[in-house]
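Chemist: Dropping a structure here in structure tokens format, bear with me for questions.
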Amino acid sequence: MTEPALEAVDVTRTYTMDGVDVEALRGVSVRIDPGEFVAILGPSGSGKSTLMHLLGCLDRPTRGLLRIGGKDVATLTETELAELRNSQIGFVFQSFHLLARTSARENVALPLVYRGIGRGERRRRAISALDTVGLAHRLDHRPSQLSGGEQQRVAIARALVGDPGVVLADEPTGNLDTRTGHEVMDLLERLNTEQGVAIVLVTHEPDVAERARRQIHIRDGLIERDVS
Amino acid sequence: MRLGESFRVALEALRVNRLRSALTMFGVVVGVAAVVVLVAIGTGARNLVENEIEGLGSNIIFVAPGEFSFGAAPTISRMQLEDVTYLGRVTGDEGQIAVALNSGETVRAGRAQTFSSIVGANENVQNVFDRPLRRGRYLSRTDVETRRRVVVLGSDIARRLFGDVDPVGRQVAIASGTRFRVVGVFEEVGQTFGQTRDAEVHVPVTTAQRMFGVDRIDFLAIRAPTSDDIPRLQKDVVDALQRKYQGEQFSAITQTQLLGTIGTVLSALTGVLAAIAAISLLVGGVGVSNIMLVSVRERTREIGLRKALGARQRDILAQFLVEAVLLTTIGGTAGILLGAGLSLTITALSPVPAAITWWSPVLAFVVSAGVGIFFGVVPARRAGRLDPVIALRTE
């Protein structure tokens, strides 16, 4: 049996908002293996974003065990958590989150900056990642000079550049029209099959979720169904 | 993240908000320039006074009635011209004792007239002080003994009354019209305590006493043979005078002691000026802190993203700290240049030679970098501690 890429065991996450405790996750267990293509589906407020933040090491569970790349996050310091994110996880966001006034190449190279990799090597790897997403001709363009689909492909290149085990994509097609959304999904699918990177997709759109090989339905902070 | 990377990111951030960066820097520029200029003025004033006092000559003991200190009310002297002979027996050389009786009077020559500081002096002034003559001669013993109406003019007075004409042999009228013959003209010497000594007019002390209707002298100046003799002479002279004038106080002070007293006063003045300037630097620093807080808030999303991509707390902290330090050190450098420029302008346009000391720009630079760190730490830590989940959600 292979080591899981991400593993949550009976995880809860409680927020305190205005003095009231809100249980966003009420005991979720999920295991994602290397190379999987999983969609997390659910209406807004279901806790799917919270789950994604936990799986992405952006947040820690209130209770339960969370293992990323074989490491129990509860035992890690803030710095170790940041380093784990940097090496294990690639993020793709709904609103792209590219730095304005910064070229596509430099946007893509950003995760490598925090890995202490030199400029020349960063440049080389960024160009290679942009080539993978079909944007080798847009290296020096800024986000404002790119279409929405192109911007999301730059963001995907950035998620890939650090060679992570898992790419977490939070509503990656949410800000795109249907056709461009399909293109982005094609790209994610191709990366999954060709490069073997595990993809965890968070969405509320069933037709987008269907592209994944496994669907986890979440509702009211609990896993409702887990369909392969 | 390497430091070079932080610099690049910080410079870019400053460049993007050019106007805001410039305005924030301006506060630091003004503060640093104020420190440099005010310290330069303070130091310059001190140098000026010290040079003037040194110009009086070394090994000279000034003897005056009363306590010698700043702010003390002047005491009317009871000393007499005979005291030169009396003290000569104490010091061993009457020829090294100069006297002065001062009064401000109008001096006229033909239609030209000017206000001047009349110094009733004896022939020893030239032995005690270094007062070279441009023309003619100084007052002689005979001039003093026979109350001759002869006068030696300061270079300024000579120029104002006679222009380019050689005044030696010509006549001037002093005060209510007493006529004097010019026997000599001093070389130009400069100022002491803001008064130009080139506006002095020396007449025999005896003539001055008769003209002003007094029989006193204001003070004595004694040249000691060597600096080792000074303490002994100071004590002997004061003792002798207090024996003669029972109940009076006298003080004998040297140039070095004068320098010490004035130096203390002027150092304090420089300190006060620097403190005032430091306040404006502090205000500039608060401006930096304020703008950094705005910058952190504006870039909350960027911070969240950087954290998601693996930036550690210290990476974010370094990025904003470097930005704050760049703001203040760029501003500080500009302030030093501005301050130096202003100091040079002040030197050129005013009598105070502003002296830029090596340490004031260095100090100003170090302080402005320190201000950047001090006032940047709070915003930078706030940035470093941002929760990435919340930061990413910020619109």
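Naming scheme: A, B, ... for chains in displayed order of the structure tokens; residues 1 onward per chain; ligands 1 onward as shown.
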Would you list which chain B residues are within 7 Å of chain A using only C-alpha atoms, as a PDB file with N, CA, C and O atoms, in the first residue's frame?

Modeler:
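out-v3.pdb, written as the output of this step:
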```
ATOM      1  N   MET B   1      13.903  33.166   1.825  1.00  0.00           N
ATOM      2  CA  MET B   1      14.091  34.130   0.747  1.00  0.00           C
ATOM      3  C   MET B   1      15.367  34.922   0.996  1.00  0.00           C
ATOM      4  O   MET B   1      15.675  35.293   2.111  1.00  0.00           O
ATOM      5  N   ARG B   2      16.106  35.122  -0.054  1.00  0.00           N
ATOM      6  CA  ARG B   2      17.347  35.880   0.102  1.00  0.00           C
ATOM      7  C   ARG B   2      17.050  37.360   0.273  1.00  0.00           C
ATOM      8  O   ARG B   2      16.039  37.862  -0.212  1.00  0.00           O
ATOM      9  N   LEU B 305      -1.240  35.191  -0.515  1.00  0.00           N
ATOM     10  CA  LEU B 305      -0.759  34.373  -1.623  1.00  0.00           C
ATOM     11  C   LEU B 305       0.672  33.907  -1.375  1.00  0.00           C
ATOM     12  O   LEU B 305       0.998  32.725  -1.514  1.00  0.00           O
ATOM     13  N   LYS B 307       2.193  33.543   1.347  1.00  0.00           N
ATOM     14  CA  LYS B 307       2.226  32.526   2.400  1.00  0.00           C
ATOM     15  C   LYS B 307       1.765  31.186   1.866  1.00  0.00           C
ATOM     16  O   LYS B 307       2.343  30.146   2.181  1.00  0.00           O
ATOM     17  N   ALA B 308       0.704  31.194   1.037  1.00  0.00           N
ATOM     18  CA  ALA B 308       0.212  29.946   0.466  1.00  0.00           C
ATOM     19  C   ALA B 308       1.295  29.280  -0.377  1.00  0.00           C
ATOM     20  O   ALA B 308       1.406  28.059  -0.424  1.00  0.00           O
ATOM     21  N   LEU B 309       2.107  30.116  -1.024  1.00  0.00           N
ATOM     22  CA  LEU B 309       3.154  29.562  -1.888  1.00  0.00           C
ATOM     23  C   LEU B 309       4.397  29.170  -1.101  1.00  0.00           C
ATOM     24  O   LEU B 309       5.374  28.723  -1.689  1.00  0.00           O
ATOM     25  N   GLY B 310       4.367  29.375   0.222  1.00  0.00           N
ATOM     26  CA  GLY B 310       5.475  28.870   1.030  1.00  0.00           C
ATOM     27  C   GLY B 310       6.308  29.929   1.727  1.00  0.00           C
ATOM     28  O   GLY B 310       7.339  29.614   2.300  1.00  0.00           O
ATOM     29  N   ALA B 311       5.872  31.198   1.687  1.00  0.00           N
ATOM     30  CA  ALA B 311       6.614  32.225   2.408  1.00  0.00           C
ATOM     31  C   ALA B 311       6.445  31.998   3.903  1.00  0.00           C
ATOM     32  O   ALA B 311       5.345  31.742   4.381  1.00  0.00           O
ATOM     33  N   ARG B 312       7.561  32.065   4.640  1.00  0.00           N
ATOM     34  CA  ARG B 312       7.484  31.929   6.091  1.00  0.00           C
ATOM     35  C   ARG B 312       7.232  33.300   6.699  1.00  0.00           C
ATOM     36  O   ARG B 312       7.412  34.327   6.038  1.00  0.00           O
ATOM     37  N   PRO B 388      -3.100  33.178   6.521  1.00  0.00           N
ATOM     38  CA  PRO B 388      -3.220  33.112   5.063  1.00  0.00           C
ATOM     39  C   PRO B 388      -4.649  32.880   4.590  1.00  0.00           C
ATOM     40  O   PRO B 388      -5.044  33.412   3.551  1.00  0.00           O
ATOM     41  N   VAL B 389      -5.442  32.105   5.337  1.00  0.00           N
ATOM     42  CA  VAL B 389      -6.820  31.838   4.916  1.00  0.00           C
ATOM     43  C   VAL B 389      -7.610  33.140   4.856  1.00  0.00           C
ATOM     44  O   VAL B 389      -8.281  33.444   3.861  1.00  0.00           O
TER      45      VAL B 389
END
```

Chemist: Output as number ranges by chain all residues of segment 7-65 of chain A that backbone DSSP marks as strand (DSSP E or B).

Modeler: A: 7-17, 20-32, 37-41, 63-65

Chemist: For the helix (DSSP H, G or I) assignment from backbone DSSP, which residues of segment 194-224 of chain B qualify? Please present them as an MDAnalysis selection string.

Modeler: chainID B and resid 197:199 205:212

Chemist: Would you work out the distance separating atom CA of Glu187 of chain B from atom CA of Val119 of chain B, expressed in Å to one decimal?

Modeler: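 Atom CA of Val119 of chain B lies 16.3 Å from atom CA of Glu187 of chain B.
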
Chemist: For Asp207 of chain A, find every residue with an atom within 12 Å (counting only C-alpha atoms), except residues of its own chain fewer than 4 positions away, and show them as an MDAnalysis selection string.

Modeler: chainID A and resid 39 41 173 178 181:182 185 203 211:212 215

Chemist: Could you save those same residues with N, CA, C and O atoms as a PDB file, in the first residue's frame?

Modeler:
```pdb
ATOM      1  N   ALA A  39     -12.695  15.399  -6.958  1.00  0.00           N
ATOM      2  CA  ALA A  39     -13.461  16.641  -6.846  1.00  0.00           C
ATOM      3  C   ALA A  39     -14.172  16.655  -5.494  1.00  0.00           C
ATOM      4  O   ALA A  39     -14.722  15.637  -5.076  1.00  0.00           O
ATOM      5  N   LEU A  41     -17.240  18.299  -3.775  1.00  0.00           N
ATOM      6  CA  LEU A  41     -18.446  18.980  -4.220  1.00  0.00           C
ATOM      7  C   LEU A  41     -19.304  19.375  -3.043  1.00  0.00           C
ATOM      8  O   LEU A  41     -19.391  18.636  -2.062  1.00  0.00           O
ATOM      9  N   THR A 173     -12.560  27.151 -12.317  1.00  0.00           N
ATOM     10  CA  THR A 173     -13.282  27.620 -13.496  1.00  0.00           C
ATOM     11  C   THR A 173     -14.336  28.666 -13.127  1.00  0.00           C
ATOM     12  O   THR A 173     -15.059  29.141 -14.000  1.00  0.00           O
ATOM     13  N   THR A 178     -17.701  29.205 -20.025  1.00  0.00           N
ATOM     14  CA  THR A 178     -17.798  27.742 -20.116  1.00  0.00           C
ATOM     15  C   THR A 178     -16.680  27.149 -20.971  1.00  0.00           C
ATOM     16  O   THR A 178     -16.033  26.173 -20.575  1.00  0.00           O
ATOM     17  N   GLY A 181     -13.392  27.489 -19.369  1.00  0.00           N
ATOM     18  CA  GLY A 181     -13.414  26.587 -18.226  1.00  0.00           C
ATOM     19  C   GLY A 181     -13.087  25.166 -18.634  1.00  0.00           C
ATOM     20  O   GLY A 181     -12.306  24.474 -17.979  1.00  0.00           O
ATOM     21  N   HIS A 182     -13.652  24.771 -19.755  1.00  0.00           N
ATOM     22  CA  HIS A 182     -13.360  23.428 -20.267  1.00  0.00           C
ATOM     23  C   HIS A 182     -11.891  23.277 -20.604  1.00  0.00           C
ATOM     24  O   HIS A 182     -11.272  22.247 -20.310  1.00  0.00           O
ATOM     25  N   MET A 185      -9.984  22.769 -17.506  1.00  0.00           N
ATOM     26  CA  MET A 185     -10.195  21.411 -17.009  1.00  0.00           C
ATOM     27  C   MET A 185      -9.406  20.397 -17.839  1.00  0.00           C
ATOM     28  O   MET A 185      -8.817  19.450 -17.301  1.00  0.00           O
ATOM     29  N   THR A 203     -15.385  22.422  -6.070  1.00  0.00           N
ATOM     30  CA  THR A 203     -16.327  23.080  -6.988  1.00  0.00           C
ATOM     31  C   THR A 203     -17.748  22.886  -6.490  1.00  0.00           C
ATOM     32  O   THR A 203     -18.026  22.008  -5.668  1.00  0.00           O
ATOM     33  N   ARG A 211     -15.625  15.641 -14.295  1.00  0.00           N
ATOM     34  CA  ARG A 211     -14.355  15.400 -14.994  1.00  0.00           C
ATOM     35  C   ARG A 211     -13.388  14.606 -14.117  1.00  0.00           C
ATOM     36  O   ARG A 211     -12.448  14.001 -14.610  1.00  0.00           O
ATOM     37  N   ALA A 212     -13.596  14.670 -12.799  1.00  0.00           N
ATOM     38  CA  ALA A 212     -12.711  13.951 -11.888  1.00  0.00           C
ATOM     39  C   ALA A 212     -13.095  12.481 -11.821  1.00  0.00           C
ATOM     40  O   ALA A 212     -14.222  12.102 -12.140  1.00  0.00           O
ATOM     41  N   GLN A 215     -15.594  11.629  -6.731  1.00  0.00           N
ATOM     42  CA  GLN A 215     -16.304  12.801  -6.229  1.00  0.00           C
ATOM     43  C   GLN A 215     -16.619  12.619  -4.747  1.00  0.00           C
ATOM     44  O   GLN A 215     -17.190  11.595  -4.367  1.00  0.00           O
TER      45      GLN A 215
END
```

Chemist: Counting only C-alpha atoms, what is within 9 Å of Val9 of chain A, bar same-chain residues fewer than 6 positions away, as a ChimeraX atom specification?

Modeler: /A:27-31,64-67

Chemist: Restrict the selected residues to C-alpha atoms and save them as a PDB file, in the first residue's frame.

Modeler:
```pdb
ATOM      1  CA  GLY A  27     -15.566  14.925  11.731  1.00  0.00           C
ATOM      2  CA  VAL A  28     -14.279  14.291   8.244  1.00  0.00           C
ATOM      3  CA  SER A  29     -12.057  11.406   7.238  1.00  0.00           C
ATOM      4  CA  VAL A  30     -10.584  11.375   3.772  1.00  0.00           C
ATOM      5  CA  ARG A  31      -7.542   9.865   2.142  1.00  0.00           C
ATOM      6  CA  GLY A  64      -8.386  15.013  14.505  1.00  0.00           C
ATOM      7  CA  LEU A  65      -5.328  13.845  12.637  1.00  0.00           C
ATOM      8  CA  LEU A  66      -4.112  15.516   9.476  1.00  0.00           C
ATOM      9  CA  ARG A  67      -1.174  14.095   7.578  1.00  0.00           C
TER      10      ARG A  67
END
```

Chemist: List as a CSV table (one decimal) with C-alpha atoms, in the first residue's frame the protein and nucleic acid residues near Ile373 of chain B, meaning an atom at most 10 Å away when only C-alpha atoms are counted, but skip any in the same chain fewer than 5 places from it.

Modeler:
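Result file follows (out.csv):
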```csv
chain,number,residue,atom,x,y,z
B,285,GLY,CA,9.3,58.0,11.4
B,289,SER,CA,5.0,53.6,10.2
B,320,PHE,CA,8.2,44.8,4.8
B,321,LEU,CA,11.0,45.7,7.1
B,322,VAL,CA,13.3,46.1,4.1
B,323,GLU,CA,10.7,48.3,2.5
B,324,ALA,CA,10.5,50.6,5.6
B,325,VAL,CA,14.3,50.8,5.9
B,326,LEU,CA,14.6,51.6,2.2
B,328,THR,CA,14.0,55.9,5.5
B,367,VAL,CA,19.3,57.0,12.9
B,368,SER,CA,17.1,57.0,9.8
B,378,VAL,CA,5.1,46.8,14.0
B,380,ALA,CA,6.0,44.2,9.3
```

Chemist: Give me, as a ChimeraX atom specification, all polymer residues having an atom no more than 7 Å from segment 219-224 of chain B, counting only C-alpha atoms and skipping those fewer than 4 positions away in the same chain.

Modeler: /B:59-64,96-100,128,229-230

Chemist: Contacts of Val197 of chain A at 10 Å or less, counting only C-alpha atoms, minus same-chain residues fewer than 2 places along, as a VMD selection string?

Modeler: chain A and resid 34 to 37 90 160 163 to 167 188 to 195 199 to 200

Chemist: So which one's closest to Arg105 of chain A, A:Val227, A:Ile68, A:Ala136, A:Leu201? Using only C-alpha atoms, please.

Modeler: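 Distance minimum relative to Arg105 of chain A lands on A:Ala136.
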
Chemist: As an exercise, work out the distance from atom CA of Ala24 of chain A to atom CA of Arg63 of chain A in Å and give it to one decimal place.

Modeler: 12.1 Å

Chemist: Could you please determine the separation between atom CA of Thr24 of chain B and atom CA of Leu386 of chain B in Å, to one decimal place?

Modeler: 24.3 Å
